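Novice: Input file: target-v2.txt. Contents: compact mmCIF, C-alpha atoms.
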```txt
# COMPACT_ATOMS: atom_id res chain seq x y z
CA MET A 1030 55.10 100.57 -33.07
CA ILE A 1031 56.35 101.30 -29.53
CA ARG A 1032 52.83 101.01 -28.14
CA LEU A 1033 52.57 97.51 -29.60
CA CYS A 1034 55.99 96.57 -28.19
CA PHE A 1035 54.88 97.52 -24.69
CA ALA A 1036 51.42 95.98 -24.97
CA ASP A 1037 52.23 93.04 -22.76
CA LEU A 1038 54.12 95.06 -20.14
CA PRO A 1039 52.70 97.23 -17.38
CA SER A 1040 53.30 100.96 -17.60
CA PHE A 1041 54.82 102.87 -14.68
CA ARG A 1042 55.04 106.39 -13.39
CA GLU A 1043 58.48 107.94 -13.60
CA ALA A 1044 60.36 107.78 -10.29
CA PRO A 1045 62.03 110.92 -8.98
CA ALA A 1046 65.77 111.39 -9.14
CA PHE A 1047 67.42 110.26 -5.91
CA ARG A 1048 70.61 112.07 -4.92
CA ASN A 1049 73.41 111.27 -2.51
CA GLY A 1050 73.67 112.80 0.93
CA ARG A 1051 76.66 115.03 1.71
CA GLU A 1052 78.41 112.26 3.60
CA CYS A 1053 78.48 109.96 0.57
CA PRO A 1054 81.80 109.36 -1.22
CA GLN A 1055 81.83 110.74 -4.74
CA THR A 1056 82.52 107.79 -6.98
CA THR A 1057 81.45 106.14 -10.20
CA TRP A 1058 81.47 102.59 -11.53
CA SER A 1059 81.55 101.33 -15.07
CA SER A 1060 81.18 97.81 -16.38
CA LEU A 1061 84.32 98.58 -18.38
CA ASP A 1062 86.26 98.47 -15.10
CA LYS A 1063 86.10 94.70 -15.20
CA GLU A 1064 88.98 94.05 -12.81
CA ILE A 1065 88.60 97.01 -10.45
CA HIS A 1066 86.83 96.54 -7.10
CA ASN A 1067 85.35 99.77 -5.72
CA PRO A 1068 84.21 99.28 -2.09
CA SER A 1069 82.11 102.48 -2.18
CA ILE A 1070 79.72 101.02 -4.76
CA ILE A 1071 76.82 98.82 -3.64
CA HIS A 1072 75.98 96.12 -6.17
CA ILE A 1073 72.49 94.60 -6.24
CA ALA A 1074 71.37 91.79 -8.56
CA MET A 1075 67.77 91.03 -9.51
CA THR A 1076 66.09 89.13 -12.31
CA LEU A 1077 63.71 90.83 -14.73
CA ASP A 1078 60.79 89.17 -16.45
CA THR A 1079 57.37 90.23 -17.66
CA ALA A 1080 55.41 88.43 -14.93
CA TYR A 1081 57.32 89.99 -12.03
CA LEU A 1082 58.27 93.37 -13.52
CA ARG A 1083 55.81 95.24 -11.31
CA GLY A 1084 57.38 93.66 -8.23
CA SER A 1085 60.91 94.40 -9.46
CA VAL A 1086 60.08 98.07 -10.04
CA ALA A 1087 58.62 98.37 -6.53
CA GLY A 1088 61.73 96.70 -5.09
CA VAL A 1089 64.12 99.06 -6.88
CA PHE A 1090 62.05 102.07 -5.84
CA SER A 1091 62.10 100.98 -2.20
CA VAL A 1092 65.88 100.54 -2.21
CA LEU A 1093 66.48 104.01 -3.68
CA LEU A 1094 63.93 105.71 -1.45
CA HIS A 1095 65.60 104.57 1.78
CA ALA A 1096 69.26 104.76 0.70
CA THR A 1097 71.57 107.45 2.03
CA CYS A 1098 73.78 107.13 -1.06
CA PRO A 1099 71.42 106.07 -3.89
CA GLU A 1100 73.80 107.27 -6.61
CA ASN A 1101 76.38 104.78 -5.34
CA ILE A 1102 74.09 101.82 -6.02
CA VAL A 1103 74.47 99.80 -9.21
CA PHE A 1104 71.72 97.37 -10.20
CA HIS A 1105 72.59 94.27 -12.19
CA PHE A 1106 69.48 92.92 -13.91
CA VAL A 1107 69.46 89.41 -15.34
CA THR A 1108 66.91 88.53 -17.99
CA THR A 1109 66.44 86.40 -21.11
CA HIS A 1110 66.81 87.45 -24.73
CA ARG A 1111 63.09 87.07 -25.34
CA HIS A 1112 61.99 90.29 -23.60
CA GLY A 1113 65.31 91.98 -22.83
CA ALA A 1114 64.86 95.06 -25.05
CA LYS A 1115 61.34 95.78 -23.78
CA LEU A 1116 62.31 95.32 -20.15
CA THR A 1117 65.31 97.60 -20.58
CA ARG A 1118 63.10 100.36 -21.97
CA ALA A 1119 60.64 99.88 -19.13
CA ILE A 1120 63.38 100.31 -16.51
CA THR A 1121 64.95 103.27 -18.31
CA SER A 1122 61.64 105.11 -18.65
CA THR A 1123 60.73 104.48 -15.01
CA PHE A 1124 64.17 105.22 -13.54
CA PRO A 1125 65.91 107.64 -15.95
CA TYR A 1126 68.77 108.25 -13.50
CA LEU A 1127 69.36 104.65 -12.46
CA ASN A 1128 72.82 103.14 -12.83
CA PHE A 1129 72.09 99.66 -14.09
CA HIS A 1130 73.44 96.96 -16.38
CA LEU A 1131 71.59 94.16 -18.13
CA TYR A 1132 72.85 90.61 -18.57
CA TYR A 1133 71.32 87.91 -20.71
CA PHE A 1134 70.96 84.52 -19.08
CA ASN A 1135 71.40 81.51 -21.33
CA THR A 1136 68.45 79.36 -20.29
CA ASN A 1137 70.00 76.34 -22.01
CA LEU A 1138 72.38 76.13 -19.04
CA VAL A 1139 69.57 74.82 -16.83
CA LYS A 1140 66.75 73.57 -19.05
CA GLY A 1141 68.08 70.04 -19.03
CA LYS A 1142 68.64 70.14 -15.27
CA ILE A 1143 65.34 71.53 -13.95
CA SER A 1144 62.91 69.11 -12.32
CA SER A 1145 59.23 69.94 -11.88
CA SER A 1146 58.37 71.29 -8.43
CA ILE A 1147 55.23 71.98 -6.43
CA ARG A 1148 54.64 75.35 -8.13
CA ARG A 1149 55.14 76.14 -11.80
CA ALA A 1150 56.72 79.55 -11.12
CA LEU A 1151 59.58 77.79 -9.34
CA ASP A 1152 60.43 75.86 -12.52
CA GLN A 1153 61.18 78.87 -14.72
CA PRO A 1154 64.82 78.91 -15.94
CA LEU A 1155 65.31 82.50 -14.76
CA ASN A 1156 64.62 81.34 -11.21
CA TYR A 1157 67.98 79.55 -11.39
CA ALA A 1158 69.95 82.54 -12.69
CA ARG A 1159 71.08 83.38 -9.14
CA MET A 1160 73.35 80.34 -9.38
CA TYR A 1161 75.25 81.95 -12.27
CA LEU A 1162 75.86 85.49 -11.01
CA ALA A 1163 79.59 84.86 -10.66
CA ASP A 1164 79.73 83.95 -14.34
CA LEU A 1165 77.49 86.77 -15.57
CA LEU A 1166 78.90 89.76 -13.69
CA PRO A 1167 82.28 91.43 -14.31
CA ALA A 1168 85.22 90.21 -12.24
CA GLY A 1169 85.48 93.62 -10.58
CA VAL A 1170 82.19 92.99 -8.74
CA ARG A 1171 83.55 91.33 -5.64
CA ARG A 1172 80.34 91.28 -3.60
CA ILE A 1173 76.70 91.25 -4.61
CA ILE A 1174 73.36 91.50 -2.84
CA TYR A 1175 70.79 89.26 -4.50
CA PHE A 1176 67.13 90.28 -4.17
CA ASP A 1177 64.03 88.46 -5.34
CA SER A 1178 61.46 90.49 -7.27
CA ASP A 1179 58.68 90.24 -4.67
CA LEU A 1180 60.15 92.28 -1.83
CA ILE A 1181 60.57 95.84 -0.60
CA VAL A 1182 63.37 97.30 1.49
CA VAL A 1183 62.41 99.70 4.29
CA ASP A 1184 65.91 100.37 5.61
CA ASP A 1185 69.15 101.77 4.21
CA VAL A 1186 70.61 98.98 2.10
CA ILE A 1187 74.13 100.01 3.18
CA ASN A 1188 73.38 98.26 6.48
CA LEU A 1189 72.89 94.99 4.60
CA TRP A 1190 75.83 95.59 2.28
CA SER A 1191 78.20 96.22 5.22
CA ILE A 1192 77.62 92.84 6.88
CA ASN A 1193 80.87 91.01 7.59
CA LEU A 1194 80.82 87.67 5.81
CA ARG A 1195 84.06 86.65 7.51
CA SER A 1196 85.19 83.37 5.97
CA HIS A 1197 81.83 82.56 4.41
CA VAL A 1198 80.86 82.72 0.77
CA LEU A 1199 77.25 83.59 1.48
CA GLY A 1200 75.28 85.45 4.13
CA ALA A 1201 71.54 85.22 4.78
CA PRO A 1202 69.10 85.14 7.69
CA GLU A 1203 68.84 81.58 9.00
CA TYR A 1204 65.73 79.97 10.47
CA CYS A 1205 66.88 77.10 12.64
CA HIS A 1206 63.42 76.52 14.12
CA ALA A 1207 62.19 75.24 10.73
CA ASN A 1208 62.10 71.48 10.26
CA PHE A 1209 65.08 71.05 7.96
CA THR A 1210 64.18 67.46 7.04
CA ASN A 1211 61.01 68.64 5.29
CA TYR A 1212 62.98 70.23 2.47
CA PHE A 1213 64.09 66.85 1.13
CA THR A 1214 62.29 63.62 0.24
CA SER A 1215 62.58 60.28 1.98
CA LYS A 1216 64.79 59.13 -0.91
CA PHE A 1217 67.35 61.69 0.18
CA TRP A 1218 67.38 60.84 3.89
CA SER A 1219 67.33 57.08 3.30
CA ASN A 1220 70.45 57.24 1.14
CA PRO A 1221 73.57 57.53 3.35
CA ALA A 1222 75.59 58.97 0.47
CA PHE A 1223 73.17 61.91 0.25
CA SER A 1224 72.38 62.51 3.92
CA ALA A 1225 76.08 62.44 4.81
CA SER A 1226 76.60 65.56 2.71
CA PHE A 1227 75.80 67.75 5.74
CA LYS A 1228 78.45 66.16 7.94
CA GLY A 1229 81.54 68.19 8.65
CA ARG A 1230 79.82 71.57 8.31
CA PRO A 1231 80.90 74.29 10.79
CA ARG A 1232 77.40 74.31 12.32
CA ASN A 1233 74.19 72.34 12.16
CA PRO A 1234 72.41 73.04 8.87
CA CYS A 1235 69.50 75.48 9.02
CA TYR A 1236 66.97 76.65 6.46
CA PHE A 1237 67.64 79.98 4.78
CA ASN A 1238 65.64 81.75 2.08
CA THR A 1239 67.55 82.41 -1.15
CA GLY A 1240 65.51 85.53 -1.99
CA VAL A 1241 67.89 87.69 0.07
CA MET A 1242 71.59 86.84 0.00
CA VAL A 1243 74.91 88.64 0.28
CA ILE A 1244 77.49 86.77 -1.78
CA ASP A 1245 81.27 87.03 -2.05
CA LEU A 1246 81.63 86.42 -5.77
CA TRP A 1247 85.41 86.09 -5.63
CA LYS A 1248 85.17 83.23 -3.13
CA TRP A 1249 82.29 81.76 -5.12
CA ARG A 1250 84.43 81.63 -8.24
CA GLU A 1251 87.42 80.20 -6.38
CA GLY A 1252 85.29 77.46 -4.85
CA LYS A 1253 83.47 76.67 -8.12
CA TYR A 1254 80.13 76.78 -6.34
CA THR A 1255 78.08 76.95 -9.53
CA GLU A 1256 79.41 73.50 -10.45
CA LYS A 1257 78.49 72.18 -7.00
CA LEU A 1258 74.92 73.44 -7.37
CA GLU A 1259 74.64 71.98 -10.86
CA ASN A 1260 75.82 68.62 -9.57
CA TRP A 1261 72.92 68.46 -7.09
CA MET A 1262 70.51 69.41 -9.87
CA ARG A 1263 71.74 66.45 -11.90
CA ILE A 1264 71.29 64.15 -8.90
CA GLN A 1265 67.78 65.52 -8.44
CA LYS A 1266 66.87 64.67 -12.03
CA ARG A 1267 67.80 61.06 -11.39
CA TYR A 1268 66.66 60.45 -7.81
CA ARG A 1269 64.01 63.10 -7.04
CA ILE A 1270 65.42 64.14 -3.67
CA TYR A 1271 63.50 67.43 -3.23
CA GLU A 1272 60.36 69.29 -4.39
CA LEU A 1273 61.17 73.02 -4.15
CA GLY A 1274 62.89 74.36 -7.26
CA SER A 1275 66.19 76.23 -6.85
CA LEU A 1276 66.18 76.40 -3.03
CA PRO A 1277 67.28 72.84 -2.08
CA PRO A 1278 70.55 72.90 -4.06
CA PHE A 1279 71.56 76.02 -2.10
CA LEU A 1280 70.72 74.26 1.16
CA LEU A 1281 72.71 71.20 0.09
CA VAL A 1282 75.79 73.26 -0.73
CA PHE A 1283 75.68 76.01 1.90
CA ALA A 1284 73.44 75.10 4.87
CA GLY A 1285 75.56 74.99 8.02
CA ASP A 1286 78.17 77.23 6.40
CA VAL A 1287 76.24 80.49 6.08
CA GLU A 1288 77.01 83.80 7.76
CA GLY A 1289 73.79 84.35 9.65
CA MET A 1290 72.12 87.76 9.50
CA GLU A 1291 69.38 89.39 11.52
CA HIS A 1292 65.91 88.16 10.63
CA ARG A 1293 64.88 91.76 10.02
CA TRP A 1294 66.55 91.45 6.60
CA ASN A 1295 64.08 88.86 5.34
CA GLN A 1296 60.61 88.97 6.78
CA HIS A 1297 59.67 86.26 4.29
CA GLY A 1298 56.60 84.14 3.67
CA LEU A 1299 54.20 87.09 3.28
CA GLY A 1300 52.88 85.48 0.09
CA GLY A 1301 51.66 82.48 2.07
CA ASP A 1302 52.55 78.91 1.20
CA ASN A 1303 53.30 77.56 -2.28
CA LEU A 1304 49.84 76.08 -2.79
CA GLU A 1305 47.18 78.50 -1.53
CA GLY A 1306 49.03 81.75 -0.83
CA LEU A 1307 46.95 82.61 2.23
CA CYS A 1308 47.48 85.80 4.24
CA ARG A 1309 50.17 85.75 6.90
CA ALA A 1310 51.30 88.03 9.70
CA LEU A 1311 54.75 89.46 10.28
CA HIS A 1312 57.27 87.52 12.29
CA PRO A 1313 58.02 89.09 15.69
CA GLY A 1314 60.82 91.64 15.76
CA PRO A 1315 62.09 94.63 13.76
CA VAL A 1316 61.68 94.85 9.99
CA SER A 1317 64.16 96.04 7.35
CA LEU A 1318 62.83 94.03 4.40
CA LEU A 1319 59.40 92.60 3.59
CA HIS A 1320 59.34 89.57 1.31
CA TRP A 1321 56.21 88.16 -0.34
CA SER A 1322 57.70 84.72 -0.95
CA GLY A 1323 55.04 82.08 -1.55
CA LYS A 1324 52.22 81.90 -4.05
CA GLY A 1325 50.43 85.16 -3.21
CA LYS A 1326 51.88 88.35 -4.73
CA PRO A 1327 50.70 91.74 -3.46
CA TRP A 1328 50.12 93.31 -6.88
CA LEU A 1329 47.90 90.40 -7.96
CA ARG A 1330 45.91 90.40 -4.73
CA ILE A 1331 45.48 94.19 -4.87
CA ASP A 1332 44.26 94.08 -8.47
CA SER A 1333 41.83 91.28 -7.65
CA LYS A 1334 40.36 93.42 -4.82
CA ARG A 1335 41.31 90.73 -2.31
CA PRO A 1336 44.44 92.11 -0.65
CA CYS A 1337 45.90 90.78 2.56
CA PRO A 1338 46.43 93.29 5.38
CA LEU A 1339 50.21 93.42 4.88
CA ASP A 1340 49.84 94.14 1.15
CA SER A 1341 49.09 97.73 2.18
CA LEU A 1342 52.78 98.00 3.15
CA TRP A 1343 53.80 97.14 -0.41
CA ALA A 1344 51.30 99.44 -2.14
CA PRO A 1345 53.12 102.77 -1.51
CA TYR A 1346 56.07 101.51 -3.57
CA ASP A 1347 53.91 100.45 -6.51
CA LEU A 1348 54.64 102.74 -9.47
CA PHE A 1349 52.14 100.95 -11.71
CA ARG A 1350 50.14 103.36 -13.85
CA HIS A 1351 46.58 102.06 -13.77
CA PRO A 1352 44.75 102.10 -17.11
CA SER A 1353 42.01 104.31 -15.69
CA LEU A 1354 44.61 107.04 -15.20
CA PHE A 1355 45.43 107.25 -18.91
CA SER A 1356 43.85 109.79 -21.19
CA ASN A 1357 43.00 108.97 -24.77
CA SER A 1358 45.49 111.53 -26.07
```
How would this structure read if it were set down as structure tokens?
Specialist:
Amino acid sequence: MIRLCFADLPSFREAPAFRNGRECPQTTWSSLDKEIHNPSIIHIAMTLDTAYLRGSVAGVFSVLLHATCPENIVFHFVTTHRHGAKLTRAITSTFPYLNFHLYYFNTNLVKGKISSSIRRALDQPLNYARMYLADLLPAGVRRIIYFDSDLIVVDDVINLWSINLRSHVLGAPEYCHANFTNYFTSKFWSNPAFSASFKGRPRNPCYFNTGVMVIDLWKWREGKYTEKLENWMRIQKRYRIYELGSLPPFLLVFAGDVEGMEHRWNQHGLGGDNLEGLCRALHPGPVSLLHWSGKGKPWLRIDSKRPCPLDSLWAPYDLFRHPSLFSNS
């Protein structure tokens, strides 16, 4: 019966147990401590689904492998009821020592608000779950790192966690060289009521990628930012002001009011564009995180025997157990 239940999921090798260094504070965190903020615990949120499970597992493995205090990391996985039990067993069997909690996302919250985009994967309800982290997670989680499921971390995540957000709700690497106008349609820019939304921001709005964010959940809740994002989704349904899934609402609400971080924390675009997914090179500069945003995913390109050169950097974190490695016993 279990073999049938896992038939549509990849199988993974068991990861080793990762232990804290001597300098790490001895601490624990429980979801029962709903109102208690523990600054020694690093909280990371990711979504889990069947299509991206292999990427999620590689991402978790990379975080633990490079962390000085891996036992002080708590993962918060968001999924849907459809595959929640199977995904939980997959994570537990792969990471028996992992401190994680699972949350079920009510897809009805966004199904009536999602507009079709240029790539079908961007239209999945779970892609919008990052907007609802403040509602899903316990109140004691003051800060969260959000990671997409197509990235690996090659640095100690404490260096990302420790970034000072100052007065900002959200921190992310910004890319001010990108043509910001391209993220919205002519209907948006020709309507003064829409285009004026960026006026009065602390700085000029710049593009940022929502696959890597550090978020102050307390400030998010106080500012009711989920409602602000939902409002832009409703406007999009009526006026068609953008083409790129869950990204534009974040730009509309936060661009120009983001705590900028070093680009090393999101070397994004390694999956190519959203249409062809062609191979790309790294951006100049140091690297702490590699992100295969775009159409091309490293596990799919590796399996198809057509990997891009940079996919070889993802492969060492792939715990996928290839069918040829199984015995018949």
Novice: Between A:Lys1216, A:Arg1230, A:Arg1330, A:His1130, which one has atoms that come closest to Val1282 in chain A, using all atoms listed in the file?
Specialist: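 Once distances to Val1282 in chain A are computed over all atoms listed in the file, the minimum belongs to A:Arg1230.
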Novice: Ile1173 in chain A: which residues within 8 Å, counting only C-alpha atoms, same-chain residues fewer than 3 positions away excluded, as a PDB file with C-alpha atoms, keeping the file's coordinate frame?
Specialist:
```pdb
ATOM      1  CA  ILE A1071      76.820  98.820  -3.640  1.00  0.00           C
ATOM      2  CA  HIS A1072      75.980  96.120  -6.170  1.00  0.00           C
ATOM      3  CA  ILE A1073      72.490  94.600  -6.240  1.00  0.00           C
ATOM      4  CA  ALA A1074      71.370  91.790  -8.560  1.00  0.00           C
ATOM      5  CA  VAL A1170      82.190  92.990  -8.740  1.00  0.00           C
ATOM      6  CA  VAL A1243      74.910  88.640   0.280  1.00  0.00           C
ATOM      7  CA  ILE A1244      77.490  86.770  -1.780  1.00  0.00           C
ATOM      8  CA  ASP A1245      81.270  87.030  -2.050  1.00  0.00           C
ATOM      9  CA  LEU A1246      81.630  86.420  -5.770  1.00  0.00           C
TER      10      LEU A1246
END
```
Novice: Could you tell me how far CA of Ser1145 in chain A lies from CA of Leu1273 in chain A, in Å and to one decimal?
Specialist: 8.5 Å
Novice: Out of A:Phe1134, A:Phe1217, A:Tyr1236, A:Tyr1157, which residue has the shortest atom-to-atom distance to Arg1269 in chain A when counting all atoms listed in the file?
Specialist: A:Phe1217
Novice: From the options A:Phe1237, A:Ala1222, A:Thr1108, A:Glu1288, which residue's atoms come nearest to Arg1195 in chain A, counting only C-alpha atoms?
Specialist: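 Once distances to Arg1195 in chain A are computed over only C-alpha atoms, the minimum belongs to A:Glu1288.
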Novice: Could you tell me how far CA of Leu1311 in chain A lies from CA of Tyr1081 in chain A, in Å and to one decimal?
Specialist: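 Spanning CA of Leu1311 in chain A to CA of Tyr1081 in chain A is a straight-line distance of 22.5 Å.
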Novice: If we count only C-alpha atoms, what is near Ser1144 in chain A at a cut-off of 9 Å, once residues fewer than 4 positions away on the same chain are taken out, given as a list in words?
Specialist: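 Counting only C-alpha atoms, the residues come to Lys1140, Asp1152, Met1262, Gln1265, Lys1266, Arg1269, Glu1272 and Gly1274 of chain A.
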Novice: Any chance you could export the current selection's C-alpha atoms as a short mmCIF file (atom, residue, chain, number, x, y, z; two decimals), in the frame of the given file?
Specialist:
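Contents of the output file result-v1.cif:
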```cif
data_model
loop_
_atom_site.label_atom_id
_atom_site.label_comp_id
_atom_site.auth_asym_id
_atom_site.auth_seq_id
_atom_site.Cartn_x
_atom_site.Cartn_y
_atom_site.Cartn_z
CA LYS A 1140 66.75 73.57 -19.05
CA ASP A 1152 60.43 75.86 -12.52
CA MET A 1262 70.51 69.41 -9.87
CA GLN A 1265 67.78 65.52 -8.44
CA LYS A 1266 66.87 64.67 -12.03
CA ARG A 1269 64.01 63.10 -7.04
CA GLU A 1272 60.36 69.29 -4.39
CA GLY A 1274 62.89 74.36 -7.26
#
```
Novice: One decimal, in Å: what's the spacing between CA of Trp1261 in chain A and CA of His1110 in chain A?
Specialist: 26.6 Å
Novice: Can you pull out every residue within 12 Å of Ser1219 in chain A, counting all atoms listed in the file, but drop anything in the same chain fewer than 5 positions away, and send it as a list in words?
Specialist: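 Near neighbours after the sequence-gap exclusion: Thr1210, Phe1213, Thr1214, Ser1224, Ala1225, Tyr1268 and Ile1270 of chain A.
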Novice: Could you give me, as a list in words, the residues that sit within 10 Å of (58.3, 82.0, 6.3) in the file's coordinates, counting all atoms listed in the file?
Specialist: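 Residues found, by chain and rising number: Tyr1204, Ala1207, Phe1237, Asn1238, Asn1295, Gln1296, His1297, Gly1298, Leu1299, Gly1300, Gly1301, Asp1302, Arg1309, Ala1310, Leu1311, His1312, His1320, Trp1321, Ser1322 and Gly1323 of chain A.
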Novice: Of the residues A:Ser1059, A:His1292, A:Arg1111, A:Ala1096, which is the one nearest to Pro1313 in chain A, using all atoms listed in the file?
Specialist: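 Closest candidate: A:His1292.
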Novice: Might you pull out every residue within 9 Å of range 1123-1125 of chain A, with only C-alpha atoms counted and same-chain residues fewer than 5 positions away left off, and present them as an mmCIF file with C-alpha atoms, in the coordinates of the input?
Specialist:
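The file below, result-v1.cif, is the result:
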```cif
data_model
loop_
_atom_site.group_PDB
_atom_site.id
_atom_site.type_symbol
_atom_site.label_atom_id
_atom_site.label_comp_id
_atom_site.auth_asym_id
_atom_site.auth_seq_id
_atom_site.Cartn_x
_atom_site.Cartn_y
_atom_site.Cartn_z
ATOM 1 C CA SER A 1040 53.300 100.960 -17.600
ATOM 2 C CA PHE A 1041 54.820 102.870 -14.680
ATOM 3 C CA ARG A 1042 55.040 106.390 -13.390
ATOM 4 C CA GLU A 1043 58.480 107.940 -13.600
ATOM 5 C CA ALA A 1044 60.360 107.780 -10.290
ATOM 6 C CA PRO A 1045 62.030 110.920 -8.980
ATOM 7 C CA ALA A 1046 65.770 111.390 -9.140
ATOM 8 C CA VAL A 1086 60.080 98.070 -10.040
ATOM 9 C CA PHE A 1090 62.050 102.070 -5.840
ATOM 10 C CA ARG A 1118 63.100 100.360 -21.970
ATOM 11 C CA LEU A 1348 54.640 102.740 -9.470
#
```
Novice: Using only C-alpha atoms, determine which residues lie at most 7 Å from range 1337-1340 of chain A, disregarding the query and same-chain residues fewer than 4 positions distant; provide the list as an MDAnalysis selection string.
Specialist: chainID A and resid 1308 1327 1344
Novice: Calculated over all atoms listed in the file, which of the candidates A:Ile1143, A:Val1186, A:Leu1199, A:Ile1174 has the smallest distance to Cys1098 in chain A?
Specialist: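 Using all atoms listed in the file, Cys1098 in chain A sits closest to A:Val1186.
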Novice: When distances are computed from only C-alpha atoms, which of A:Phe1283, A:Ser1333, A:Pro1277, A:Arg1250 shows the smallest separation from Arg1232 in chain A?
Specialist: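 Looking only at the distances to Arg1232 in chain A, the closest residue turns out to be A:Phe1283.
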